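query12.cif follows (mmCIF, C-alpha atoms):
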```
data_my_file
loop_
_atom_site.group_PDB
_atom_site.id
_atom_site.type_symbol
_atom_site.label_atom_id
_atom_site.label_comp_id
_atom_site.auth_asym_id
_atom_site.auth_seq_id
_atom_site.Cartn_x
_atom_site.Cartn_y
_atom_site.Cartn_z
ATOM 1 C CA MET A 1 17.292 -31.771 68.940
ATOM 2 C CA LEU A 2 17.598 -31.264 72.665
ATOM 3 C CA THR A 3 17.506 -34.151 75.137
ATOM 4 C CA THR A 4 17.981 -34.384 78.910
ATOM 5 C CA ARG A 5 21.536 -35.672 78.378
ATOM 6 C CA PHE A 6 22.715 -32.156 79.186
ATOM 7 C CA VAL A 7 26.339 -31.170 78.650
ATOM 8 C CA ASN A 8 28.108 -27.941 79.520
ATOM 9 C CA GLY A 9 26.833 -25.147 77.302
ATOM 10 C CA SER A 10 23.563 -26.815 76.351
ATOM 11 C CA PRO A 11 20.127 -25.521 77.422
ATOM 12 C CA ASN A 12 19.155 -27.221 80.671
ATOM 13 C CA TRP A 13 16.397 -24.997 82.078
ATOM 14 C CA LEU A 14 13.551 -22.797 80.898
ATOM 15 C CA ASP A 15 11.214 -20.496 82.788
ATOM 16 C CA VAL A 16 8.702 -17.734 82.305
ATOM 17 C CA GLY A 17 8.305 -14.515 84.254
ATOM 18 C CA THR A 18 4.725 -13.325 83.948
ATOM 19 C CA SER A 19 2.506 -10.530 85.207
ATOM 20 C CA ASP A 20 -0.278 -13.034 86.003
ATOM 21 C CA LEU A 21 0.925 -16.424 87.213
ATOM 22 C CA ASP A 22 -2.553 -17.887 87.702
ATOM 23 C CA GLY A 23 -3.512 -16.799 84.195
ATOM 24 C CA ALA A 24 -0.304 -18.241 82.725
ATOM 25 C CA ILE A 25 -0.883 -21.516 84.561
ATOM 26 C CA ALA A 26 -4.350 -21.778 83.022
ATOM 27 C CA PHE A 27 -3.047 -20.871 79.552
ATOM 28 C CA TYR A 28 -0.218 -23.408 79.456
ATOM 29 C CA ASP A 29 -2.352 -26.120 81.024
ATOM 30 C CA GLY A 30 -4.922 -25.582 78.285
ATOM 31 C CA LEU A 31 -2.283 -25.363 75.565
ATOM 32 C CA PHE A 32 0.191 -28.119 76.465
ATOM 33 C CA GLY A 33 -1.402 -29.932 79.386
ATOM 34 C CA TRP A 34 1.220 -28.526 81.756
ATOM 35 C CA ARG A 35 0.358 -28.847 85.444
ATOM 36 C CA PHE A 36 1.875 -26.407 87.925
ATOM 37 C CA LEU A 37 3.585 -27.457 91.147
ATOM 38 C CA SER A 38 4.672 -24.823 93.669
ATOM 39 C CA ALA A 39 8.303 -25.006 94.782
ATOM 40 C CA GLY A 40 7.178 -24.206 98.326
ATOM 41 C CA PRO A 41 6.864 -21.226 100.663
ATOM 42 C CA ASP A 42 10.586 -20.412 100.565
ATOM 43 C CA ALA A 43 10.721 -20.136 96.754
ATOM 44 C CA GLY A 44 9.092 -16.715 96.415
ATOM 45 C CA GLY A 45 6.161 -18.008 94.393
ATOM 46 C CA TYR A 46 8.332 -19.956 91.942
ATOM 47 C CA GLY A 47 7.022 -23.278 90.708
ATOM 48 C CA PHE A 48 7.335 -25.967 88.066
ATOM 49 C CA PHE A 49 5.292 -26.785 84.987
ATOM 50 C CA GLN A 50 5.154 -30.553 84.633
ATOM 51 C CA VAL A 51 4.015 -33.272 82.234
ATOM 52 C CA ASP A 52 3.454 -36.700 83.786
ATOM 53 C CA GLY A 53 5.409 -35.600 86.847
ATOM 54 C CA ARG A 54 8.450 -34.439 84.846
ATOM 55 C CA THR A 55 9.412 -30.767 84.889
ATOM 56 C CA VAL A 56 9.322 -29.036 81.498
ATOM 57 C CA ALA A 57 9.696 -25.419 82.669
ATOM 58 C CA GLY A 58 9.551 -23.099 85.635
ATOM 59 C CA GLY A 59 7.421 -20.037 86.247
ATOM 60 C CA MET A 60 6.933 -17.111 88.575
ATOM 61 C CA GLN A 61 5.050 -13.845 88.809
ATOM 62 C CA ILE A 62 7.036 -10.652 88.235
ATOM 63 C CA THR A 63 6.336 -6.953 88.662
ATOM 64 C CA ALA A 64 6.488 -4.313 85.942
ATOM 65 C CA GLU A 65 9.704 -3.039 87.510
ATOM 66 C CA GLN A 66 11.315 -6.437 86.871
ATOM 67 C CA GLY A 67 10.615 -6.194 83.167
ATOM 68 C CA PRO A 68 7.995 -7.390 80.685
ATOM 69 C CA PRO A 69 6.668 -10.971 80.701
ATOM 70 C CA ALA A 70 9.148 -13.223 78.899
ATOM 71 C CA TRP A 71 10.547 -16.723 78.585
ATOM 72 C CA HIS A 72 14.166 -17.214 79.668
ATOM 73 C CA VAL A 73 16.574 -19.899 78.486
ATOM 74 C CA TYR A 74 19.303 -21.202 80.815
ATOM 75 C CA PHE A 75 22.494 -22.989 79.755
ATOM 76 C CA GLN A 76 24.454 -25.502 81.768
ATOM 77 C CA ALA A 77 27.564 -24.143 83.458
ATOM 78 C CA GLU A 78 30.177 -26.280 85.165
ATOM 79 C CA ASP A 79 31.175 -23.275 87.297
ATOM 80 C CA ALA A 80 28.678 -20.402 87.489
ATOM 81 C CA GLU A 81 31.223 -17.957 88.915
ATOM 82 C CA ALA A 82 33.742 -18.659 86.165
ATOM 83 C CA THR A 83 31.061 -18.419 83.486
ATOM 84 C CA ALA A 84 29.864 -15.051 84.797
ATOM 85 C CA LYS A 85 33.445 -13.778 84.670
ATOM 86 C CA ALA A 86 33.781 -15.078 81.110
ATOM 87 C CA VAL A 87 30.648 -13.122 80.162
ATOM 88 C CA GLU A 88 32.176 -9.912 81.519
ATOM 89 C CA GLN A 89 35.466 -10.587 79.715
ATOM 90 C CA ALA A 90 33.493 -11.081 76.474
ATOM 91 C CA LYS A 91 31.875 -7.641 76.970
ATOM 92 C CA GLY A 92 28.570 -9.040 78.190
ATOM 93 C CA THR A 93 26.766 -8.050 81.390
ATOM 94 C CA VAL A 94 26.097 -9.810 84.693
ATOM 95 C CA LEU A 95 22.505 -8.851 85.525
ATOM 96 C CA MET A 96 22.209 -11.099 88.576
ATOM 97 C CA PRO A 97 25.421 -12.592 90.002
ATOM 98 C CA PRO A 98 25.647 -16.329 90.719
ATOM 99 C CA MET A 99 23.623 -17.424 93.699
ATOM 100 C CA ASP A 100 22.816 -20.686 95.424
ATOM 101 C CA VAL A 101 19.209 -21.815 94.982
ATOM 102 C CA MET A 102 18.430 -23.739 98.152
ATOM 103 C CA GLY A 103 21.086 -26.335 97.367
ATOM 104 C CA GLU A 104 19.413 -27.286 94.088
ATOM 105 C CA GLY A 105 22.099 -25.547 92.040
ATOM 106 C CA HIS A 106 23.612 -22.159 91.272
ATOM 107 C CA MET A 107 22.063 -19.691 88.849
ATOM 108 C CA ALA A 108 22.894 -16.324 87.347
ATOM 109 C CA MET A 109 21.208 -14.002 84.852
ATOM 110 C CA LEU A 110 23.418 -12.523 82.172
ATOM 111 C CA ALA A 111 23.241 -10.587 78.923
ATOM 112 C CA ASP A 112 25.280 -10.929 75.751
ATOM 113 C CA ARG A 113 26.909 -8.072 73.810
ATOM 114 C CA ALA A 114 23.602 -7.202 72.137
ATOM 115 C CA GLY A 115 21.816 -7.026 75.499
ATOM 116 C CA VAL A 116 19.982 -10.341 75.122
ATOM 117 C CA THR A 117 19.178 -11.874 78.501
ATOM 118 C CA PHE A 118 19.947 -15.514 79.261
ATOM 119 C CA GLY A 119 20.572 -17.586 82.356
ATOM 120 C CA ILE A 120 23.054 -20.200 83.483
ATOM 121 C CA TRP A 121 22.377 -23.144 85.748
ATOM 122 C CA GLN A 122 25.144 -25.004 87.566
ATOM 123 C CA PRO A 123 23.506 -28.290 88.563
ATOM 124 C CA GLY A 124 23.251 -29.301 92.190
ATOM 125 C CA ARG A 125 20.500 -31.624 93.348
ATOM 126 C CA THR A 126 18.475 -30.438 90.337
ATOM 127 C CA LYS A 127 20.325 -31.393 87.164
ATOM 128 C CA GLY A 128 17.958 -29.584 84.809
ATOM 129 C CA LEU A 129 14.647 -30.141 83.096
ATOM 130 C CA GLY A 130 13.110 -33.564 83.541
ATOM 131 C CA MET A 131 11.856 -33.716 79.960
ATOM 132 C CA ALA A 132 13.148 -32.294 76.673
ATOM 133 C CA GLY A 133 12.718 -33.148 73.009
ATOM 134 C CA ASP A 134 9.426 -34.959 73.595
ATOM 135 C CA PRO A 135 5.972 -33.586 72.750
ATOM 136 C CA ASN A 136 5.007 -30.621 74.971
ATOM 137 C CA SER A 137 8.589 -29.939 76.051
ATOM 138 C CA LEU A 138 11.551 -27.793 74.998
ATOM 139 C CA CYS A 139 13.245 -29.097 71.848
ATOM 140 C CA TRP A 140 15.194 -26.160 70.350
ATOM 141 C CA VAL A 141 16.281 -22.592 71.121
ATOM 142 C CA GLU A 142 16.915 -19.756 68.702
ATOM 143 C CA LEU A 143 18.757 -16.485 69.151
ATOM 144 C CA VAL A 144 17.375 -13.597 67.127
ATOM 145 C CA THR A 145 20.346 -11.230 66.993
ATOM 146 C CA PRO A 146 21.480 -8.141 65.092
ATOM 147 C CA ASP A 147 24.949 -9.591 64.417
ATOM 148 C CA ILE A 148 25.418 -13.341 63.970
ATOM 149 C CA ALA A 149 29.221 -13.178 63.786
ATOM 150 C CA ALA A 150 29.450 -11.171 67.008
ATOM 151 C CA ALA A 151 26.968 -13.463 68.768
ATOM 152 C CA ALA A 152 28.815 -16.585 67.629
ATOM 153 C CA ALA A 153 32.096 -15.140 68.908
ATOM 154 C CA PHE A 154 30.547 -14.170 72.251
ATOM 155 C CA TYR A 155 28.979 -17.542 72.991
ATOM 156 C CA ASN A 156 32.048 -19.385 71.744
ATOM 157 C CA SER A 157 34.190 -17.487 74.231
ATOM 158 C CA VAL A 158 31.727 -18.106 77.080
ATOM 159 C CA PHE A 159 30.570 -21.678 76.393
ATOM 160 C CA GLY A 160 32.815 -22.916 73.595
ATOM 161 C CA TRP A 161 29.887 -23.269 71.204
ATOM 162 C CA GLU A 162 30.584 -24.398 67.667
ATOM 163 C CA THR A 163 28.526 -23.229 64.687
ATOM 164 C CA SER A 164 27.774 -24.750 61.304
ATOM 165 C CA ALA A 165 25.823 -23.619 58.260
ATOM 166 C CA ALA A 166 22.724 -25.495 57.118
ATOM 167 C CA GLN A 167 21.223 -24.743 53.722
ATOM 168 C CA PHE A 168 17.457 -24.295 53.560
ATOM 169 C CA PRO A 169 15.117 -22.964 50.881
ATOM 170 C CA GLY A 170 15.583 -19.218 50.947
ATOM 171 C CA GLY A 171 18.933 -19.059 52.661
ATOM 172 C CA THR A 172 21.388 -20.373 55.235
ATOM 173 C CA TYR A 173 20.684 -21.172 58.881
ATOM 174 C CA THR A 174 23.439 -21.025 61.510
ATOM 175 C CA CYS A 175 23.223 -24.047 63.814
ATOM 176 C CA VAL A 176 24.794 -24.284 67.268
ATOM 177 C CA ASN A 177 26.160 -27.231 69.225
ATOM 178 C CA PRO A 178 28.309 -27.626 72.361
ATOM 179 C CA ALA A 179 32.067 -27.805 71.968
ATOM 180 C CA GLY A 180 33.407 -31.136 70.777
ATOM 181 C CA THR A 181 30.010 -32.703 70.121
ATOM 182 C CA GLU A 182 28.500 -34.243 67.019
ATOM 183 C CA GLU A 183 25.690 -32.957 64.815
ATOM 184 C CA GLU A 184 23.145 -34.879 66.898
ATOM 185 C CA ALA A 185 23.922 -32.554 69.810
ATOM 186 C CA MET A 186 22.735 -29.430 67.981
ATOM 187 C CA PHE A 187 20.279 -27.585 70.191
ATOM 188 C CA GLY A 188 19.697 -24.230 68.537
ATOM 189 C CA GLY A 189 20.384 -21.635 65.914
ATOM 190 C CA LEU A 190 21.249 -18.002 65.297
ATOM 191 C CA VAL A 191 18.939 -15.858 63.163
ATOM 192 C CA PRO A 192 19.681 -12.329 61.872
ATOM 193 C CA LEU A 193 17.226 -9.844 63.316
ATOM 194 C CA ALA A 194 17.138 -7.714 60.159
ATOM 195 C CA ASP A 195 16.006 -10.678 58.037
ATOM 196 C CA ASP A 196 13.236 -11.784 60.379
ATOM 197 C CA PRO A 197 9.956 -10.013 59.578
ATOM 198 C CA VAL A 198 8.304 -11.344 62.744
ATOM 199 C CA GLU A 199 10.975 -10.114 65.141
ATOM 200 C CA ALA A 200 12.270 -6.992 63.365
ATOM 201 C CA ARG A 201 10.214 -4.705 65.606
ATOM 202 C CA THR A 202 10.628 -6.776 68.743
ATOM 203 C CA GLY A 203 14.371 -6.715 69.153
ATOM 204 C CA ALA A 204 16.920 -9.422 69.904
ATOM 205 C CA TYR A 205 16.065 -12.260 72.289
ATOM 206 C CA TRP A 206 16.198 -16.020 72.883
ATOM 207 C CA LEU A 207 13.159 -17.869 71.520
ATOM 208 C CA PRO A 208 12.336 -21.323 72.943
ATOM 209 C CA TYR A 209 10.666 -23.960 70.737
ATOM 210 C CA ILE A 210 8.195 -26.455 72.198
ATOM 211 C CA GLU A 211 7.732 -29.743 70.374
ATOM 212 C CA VAL A 212 4.039 -30.453 69.672
ATOM 213 C CA ARG A 213 2.044 -33.160 67.938
ATOM 214 C CA ASP A 214 0.007 -30.737 65.806
ATOM 215 C CA ALA A 215 1.200 -27.168 65.247
ATOM 216 C CA ASP A 216 -2.061 -26.014 63.668
ATOM 217 C CA ALA A 217 -4.143 -27.326 66.559
ATOM 218 C CA VAL A 218 -1.865 -25.627 69.094
ATOM 219 C CA VAL A 219 -2.107 -22.297 67.248
ATOM 220 C CA ALA A 220 -5.898 -22.515 67.177
ATOM 221 C CA ARG A 221 -6.007 -23.431 70.856
ATOM 222 C CA ALA A 222 -3.645 -20.575 71.764
ATOM 223 C CA GLN A 223 -6.073 -18.116 70.171
ATOM 224 C CA GLU A 224 -9.016 -19.649 72.015
ATOM 225 C CA LEU A 225 -7.132 -19.202 75.278
ATOM 226 C CA GLY A 226 -6.365 -15.526 74.627
ATOM 227 C CA GLY A 227 -2.927 -15.859 73.080
ATOM 228 C CA THR A 228 -1.668 -14.165 69.926
ATOM 229 C CA VAL A 229 -0.364 -15.710 66.716
ATOM 230 C CA ARG A 230 2.891 -13.992 65.743
ATOM 231 C CA MET A 231 3.651 -16.312 62.825
ATOM 232 C CA PRO A 232 1.056 -18.783 61.491
ATOM 233 C CA ALA A 233 1.917 -22.458 61.154
ATOM 234 C CA THR A 234 4.425 -22.747 58.310
ATOM 235 C CA ASP A 235 6.231 -25.712 56.749
ATOM 236 C CA MET A 236 10.013 -25.743 56.546
ATOM 237 C CA GLU A 237 11.263 -28.536 54.311
ATOM 238 C CA GLY A 238 13.237 -31.128 56.229
ATOM 239 C CA VAL A 239 12.601 -29.385 59.545
ATOM 240 C CA GLY A 240 8.897 -29.428 60.360
ATOM 241 C CA ARG A 241 5.799 -27.286 60.712
ATOM 242 C CA MET A 242 6.302 -24.376 63.069
ATOM 243 C CA ALA A 243 4.553 -21.303 64.416
ATOM 244 C CA ARG A 244 5.269 -18.454 66.813
ATOM 245 C CA ILE A 245 2.826 -17.332 69.455
ATOM 246 C CA ALA A 246 2.604 -15.073 72.491
ATOM 247 C CA ASP A 247 0.705 -15.940 75.642
ATOM 248 C CA PRO A 248 -2.009 -13.535 76.876
ATOM 249 C CA TYR A 249 0.586 -11.573 78.877
ATOM 250 C CA GLY A 250 3.086 -11.089 76.060
ATOM 251 C CA ALA A 251 5.686 -13.847 76.585
ATOM 252 C CA HIS A 252 6.895 -15.165 73.202
ATOM 253 C CA LEU A 253 7.581 -18.768 72.250
ATOM 254 C CA ALA A 254 7.530 -21.017 69.210
ATOM 255 C CA VAL A 255 6.012 -24.451 68.616
ATOM 256 C CA ILE A 256 7.073 -27.060 66.098
ATOM 257 C CA LYS A 257 5.962 -30.441 64.840
ATOM 258 C CA SER A 258 9.372 -31.749 63.813
ATOM 259 C CA THR A 259 9.966 -33.793 60.696
ATOM 260 C CA PRO A 260 11.184 -37.268 61.765
ATOM 261 C CA ARG A 261 14.907 -37.728 61.262
ATOM 262 C CA GLN A 262 15.885 -40.079 58.450
ATOM 263 C CA GLY A 263 18.108 -43.078 59.082
#
```
Could you express the structure from this file as structure tokens?
Amino acid sequence: MLTTRFVNGSPNWLDVGTSDLDGAIAFYDGLFGWRFLSAGPDAGGYGFFQVDGRTVAGGMQITAEQGPPAWHVYFQAEDAEATAKAVEQAKGTVLMPPMDVMGEGHMAMLADRAGVTFGIWQPGRTKGLGMAGDPNSLCWVELVTPDIAAAAAFYNSVFGWETSAAQFPGGTYTCVNPAGTEEEAMFGGLVPLADDPVEARTGAYWLPYIEVRDADAVVARAQELGGTVRMPATDMEGVGRMARIADPYGAHLAVIKSTPRQG
């Protein structure tokens, strides 16, 4: 699972663009206990969701012209300019070229061959999220994609990701880890869009997983707060109990109560 010992190619930031920032703040506070801290008057309304003073995600209000409400996953880049060029060479798209973010780091928004949006963050003063892998923080990311082989090749060429196959009841799951790292550094997986009944009509995208103490309680609370259950809490042997939800404005995410690792 993900930790804050970020390495190049691993997820190191997460944020949501929403049509109603005040509403999203209330929803995620009620759901995960996230408190929102504005990044200041020069940040264009951007701010940070925090748990015990540690940042777990970012958030900002967007217009309809900027796209639908959604969560975005960012991956660590040693050199944002070079990574953006690698995306173009791999037949991806640079949606927003690398830019300095007030000295905190450099970011860019990109898309893979299937058109799935993701970000990169080259650390400056801000290294990345202040909390990951703990309850109420990002623990895993999953790419729902129409072509696993093509996606694996794309991200390998951009970040050097390595993949491995894990056997689960009902099939095989493709796990992802940064280049040259051990199994403990796995941070995500690749899922075929055609085989996913929840996402088949949604299209390809990156899905963040938030670790929780009780998946069923979070699902019930999400409904009380105006969210939608996209997949009810379900057990996966050896992995945990997970569910997929959408906030009241349509941004998708997953929650999981992970099975403790053995040994």
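Against the coordinates shown, the PyMOL selection byres ((chain A and resi 153) around 12) returns Val87, Ala90, Lys91, Gly92, Asp112, Arg113, Asp147, Ile148, Ala149, Ala150, Ala151, Ala152, Phe154, Tyr155, Asn156, Ser157, Val158, Phe159, Gly160, Trp161, Glu162, Thr163, Val176 and Leu190 of chain A.
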Distance query 8 Å from (4.8, -16.0, 80.5) using all atoms listed in the file, result as a list in words: Val16, Gly17, Thr18, Ser19, Leu21, Ala24, Gly59, Pro69, Ala70, Trp71, Asp247, Tyr249, Gly250, Ala251 and His252 of chain A
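Considering the residues A:Asp42, A:Glu237, A:Glu142, A:Asp134 and counting only C-alpha atoms, Asn177 of chain A has its shortest atom-to-atom contact with A:Glu142.
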Nearby residues (only C-alpha atoms) at most 8 Å from Pro192 of chain A, same-chain spacing under 3 positions excluded, as a ChimeraX atom specification: /A:144-148,195-196
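Atom to atom, atom CA of Ala132 of chain A and atom CA of Tyr209 of chain A stand 10.5 Å apart.
Distance check against Tyr46 of chain A using only C-alpha atoms: of A:Asp29, A:Asp15, A:Asp216, A:Glu65, the minimum falls on A:Asp15.
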Shell around Leu14 of chain A at 6 Å using all atoms listed in the file, local window under 6 positions removed, as a ChimeraX atom specification: /A:57,72-74
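For segment 128-130 of chain A, the set of protein, DNA and RNA residues having any atom at most 10 Å away, when counting only C-alpha atoms and skipping those fewer than 3 positions along the same chain, is Thr3, Thr4, Arg5, Phe6, Pro11, Asn12, Trp13, Leu14, Phe48, Gln50, Val51, Gly53, Arg54, Thr55, Val56, Ala57, Gly58, Tyr74, Phe75, Gln76, Glu104, Gly105, Trp121, Gln122, Pro123, Gly124, Arg125, Ser137 and Leu138 of chain A.
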If you apply the PyMOL selection byres ((chain A and resi 234) around 12) to this file, what residues do you get, as a CSV table (one decimal) with C-alpha atoms, keeping the file's coordinate frame?
```
chain,number,residue,atom,x,y,z
A,214,ASP,CA,0.0,-30.7,65.8
A,215,ALA,CA,1.2,-27.2,65.2
A,216,ASP,CA,-2.1,-26.0,63.7
A,219,VAL,CA,-2.1,-22.3,67.2
A,229,VAL,CA,-0.4,-15.7,66.7
A,230,ARG,CA,2.9,-14.0,65.7
A,231,MET,CA,3.7,-16.3,62.8
A,232,PRO,CA,1.1,-18.8,61.5
A,233,ALA,CA,1.9,-22.5,61.2
A,235,ASP,CA,6.2,-25.7,56.7
A,236,MET,CA,10.0,-25.7,56.5
A,237,GLU,CA,11.3,-28.5,54.3
A,239,VAL,CA,12.6,-29.4,59.5
A,240,GLY,CA,8.9,-29.4,60.4
A,241,ARG,CA,5.8,-27.3,60.7
A,242,MET,CA,6.3,-24.4,63.1
A,243,ALA,CA,4.6,-21.3,64.4
A,244,ARG,CA,5.3,-18.5,66.8
A,254,ALA,CA,7.5,-21.0,69.2
A,255,VAL,CA,6.0,-24.5,68.6
A,256,ILE,CA,7.1,-27.1,66.1
A,257,LYS,CA,6.0,-30.4,64.8
A,258,SER,CA,9.4,-31.7,63.8
```
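With all atoms listed in the file as the atoms that count, the residue of A:Leu207, A:Ile245, A:Lys85, A:Pro68 with the shortest distance to Val141 of chain A is A:Leu207.
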Counting all atoms listed in the file, the residue of A:Ile120, A:Ala246, A:Ala217, A:Ile210 that sits nearest Gly9 of chain A: A:Ile120
Selection: 10 Å around Ala43 of chain A, all atoms listed in the file, excl. self and same-chain fewer than 4 positions, as a ChimeraX atom specification: /A:38-39,47,60,101-102
Spatial neighbours of Ala26 of chain A, 10 Å, all atoms listed in the file, chain gap at least 4 places, as a count of residues only: 9
Nearest-residue call for Ile25 of chain A, choices A:Gln223, A:Gln61, A:Gly171, A:Met109, using all atoms listed in the file: A:Gln61
Exactly which residues make up the result of the PyMOL selection byres ((chain A and resi 173) around 9) on this file, given as a PDB file with C-alpha atoms, in the coordinates of the input?
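Heads up, here's the output in selection-v5.pdb:
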```
ATOM      1  CA  SER A 164      27.774 -24.750  61.304  1.00  0.00           C
ATOM      2  CA  ALA A 165      25.823 -23.619  58.260  1.00  0.00           C
ATOM      3  CA  ALA A 166      22.724 -25.495  57.118  1.00  0.00           C
ATOM      4  CA  GLN A 167      21.223 -24.743  53.722  1.00  0.00           C
ATOM      5  CA  PHE A 168      17.457 -24.295  53.560  1.00  0.00           C
ATOM      6  CA  GLY A 171      18.933 -19.059  52.661  1.00  0.00           C
ATOM      7  CA  THR A 172      21.388 -20.373  55.235  1.00  0.00           C
ATOM      8  CA  THR A 174      23.439 -21.025  61.510  1.00  0.00           C
ATOM      9  CA  CYS A 175      23.223 -24.047  63.814  1.00  0.00           C
ATOM     10  CA  GLY A 189      20.384 -21.635  65.914  1.00  0.00           C
ATOM     11  CA  LEU A 190      21.249 -18.002  65.297  1.00  0.00           C
ATOM     12  CA  VAL A 191      18.939 -15.858  63.163  1.00  0.00           C
TER      13      VAL A 191
END
```
Atom pair atom CA of Met99 of chain A / atom CA of Ala179 of chain A: separation (Å): 25.5 Å
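The coordinates place atom CA of Gly170 of chain A at 28.4 Å from atom CA of Ala222 of chain A.
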Option closest in space to Phe32 of chain A, from A:Ser10, A:Gly238, A:Asp52, A:Gly119 [counting all atoms listed in the file]: A:Asp52
Could segment 238-244 of chain A be written out with all heavy atoms, as an mmCIF file, in the first residue's frame, please?
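File written: part18.cif
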```
data_model
loop_
_atom_site.group_PDB
_atom_site.id
_atom_site.type_symbol
_atom_site.label_atom_id
_atom_site.label_comp_id
_atom_site.auth_asym_id
_atom_site.auth_seq_id
_atom_site.Cartn_x
_atom_site.Cartn_y
_atom_site.Cartn_z
ATOM 1 N N GLY A 238 -8.361 -11.711 1.089
ATOM 2 C CA GLY A 238 -6.963 -11.340 1.164
ATOM 3 C C GLY A 238 -6.680 -9.883 0.894
ATOM 4 O O GLY A 238 -5.529 -9.437 1.006
ATOM 5 N N VAL A 239 -7.702 -9.124 0.536
ATOM 6 C CA VAL A 239 -7.517 -7.709 0.193
ATOM 7 C C VAL A 239 -8.236 -6.808 1.195
ATOM 8 O O VAL A 239 -7.633 -5.917 1.805
ATOM 9 C CB VAL A 239 -8.029 -7.421 -1.240
ATOM 10 C CG1 VAL A 239 -7.916 -5.934 -1.556
ATOM 11 C CG2 VAL A 239 -7.249 -8.249 -2.242
ATOM 12 N N GLY A 240 -9.538 -7.020 1.356
ATOM 13 C CA GLY A 240 -10.291 -6.199 2.292
ATOM 14 C C GLY A 240 -11.739 -6.059 1.866
ATOM 15 O O GLY A 240 -12.210 -6.737 0.945
ATOM 16 N N ARG A 241 -12.435 -5.162 2.526
ATOM 17 C CA ARG A 241 -13.832 -4.867 2.215
ATOM 18 C C ARG A 241 -13.878 -3.488 1.584
ATOM 19 O O ARG A 241 -13.438 -2.504 2.186
ATOM 20 C CB ARG A 241 -14.688 -4.924 3.479
ATOM 21 C CG ARG A 241 -16.191 -4.832 3.212
ATOM 22 C CD ARG A 241 -16.983 -5.316 4.414
ATOM 23 N NE ARG A 241 -18.426 -5.157 4.261
ATOM 24 C CZ ARG A 241 -19.212 -6.010 3.592
ATOM 25 N NH1 ARG A 241 -18.671 -7.061 3.004
ATOM 26 N NH2 ARG A 241 -20.520 -5.813 3.496
ATOM 27 N N MET A 242 -14.410 -3.417 0.373
ATOM 28 C CA MET A 242 -14.319 -2.179 -0.396
ATOM 29 C C MET A 242 -15.676 -1.781 -0.977
ATOM 30 O O MET A 242 -16.586 -2.605 -1.094
ATOM 31 C CB MET A 242 -13.302 -2.331 -1.523
ATOM 32 C CG MET A 242 -13.674 -3.385 -2.548
ATOM 33 S SD MET A 242 -12.316 -3.731 -3.708
ATOM 34 C CE MET A 242 -11.239 -4.694 -2.650
ATOM 35 N N ALA A 243 -15.780 -0.524 -1.328
ATOM 36 C CA ALA A 243 -16.986 0.009 -1.949
ATOM 37 C C ALA A 243 -16.593 1.176 -2.842
ATOM 38 O O ALA A 243 -15.512 1.757 -2.680
ATOM 39 C CB ALA A 243 -17.990 0.457 -0.890
ATOM 40 N N ARG A 244 -17.475 1.510 -3.774
ATOM 41 C CA ARG A 244 -17.258 2.683 -4.624
ATOM 42 C C ARG A 244 -18.431 3.631 -4.450
ATOM 43 O O ARG A 244 -19.586 3.210 -4.415
ATOM 44 C CB ARG A 244 -17.129 2.269 -6.098
ATOM 45 C CG ARG A 244 -15.962 1.361 -6.369
ATOM 46 C CD ARG A 244 -15.824 1.064 -7.853
ATOM 47 N NE ARG A 244 -14.986 -0.103 -8.089
ATOM 48 C CZ ARG A 244 -14.791 -0.641 -9.281
ATOM 49 N NH1 ARG A 244 -15.391 -0.118 -10.350
ATOM 50 N NH2 ARG A 244 -14.020 -1.703 -9.425
#
```
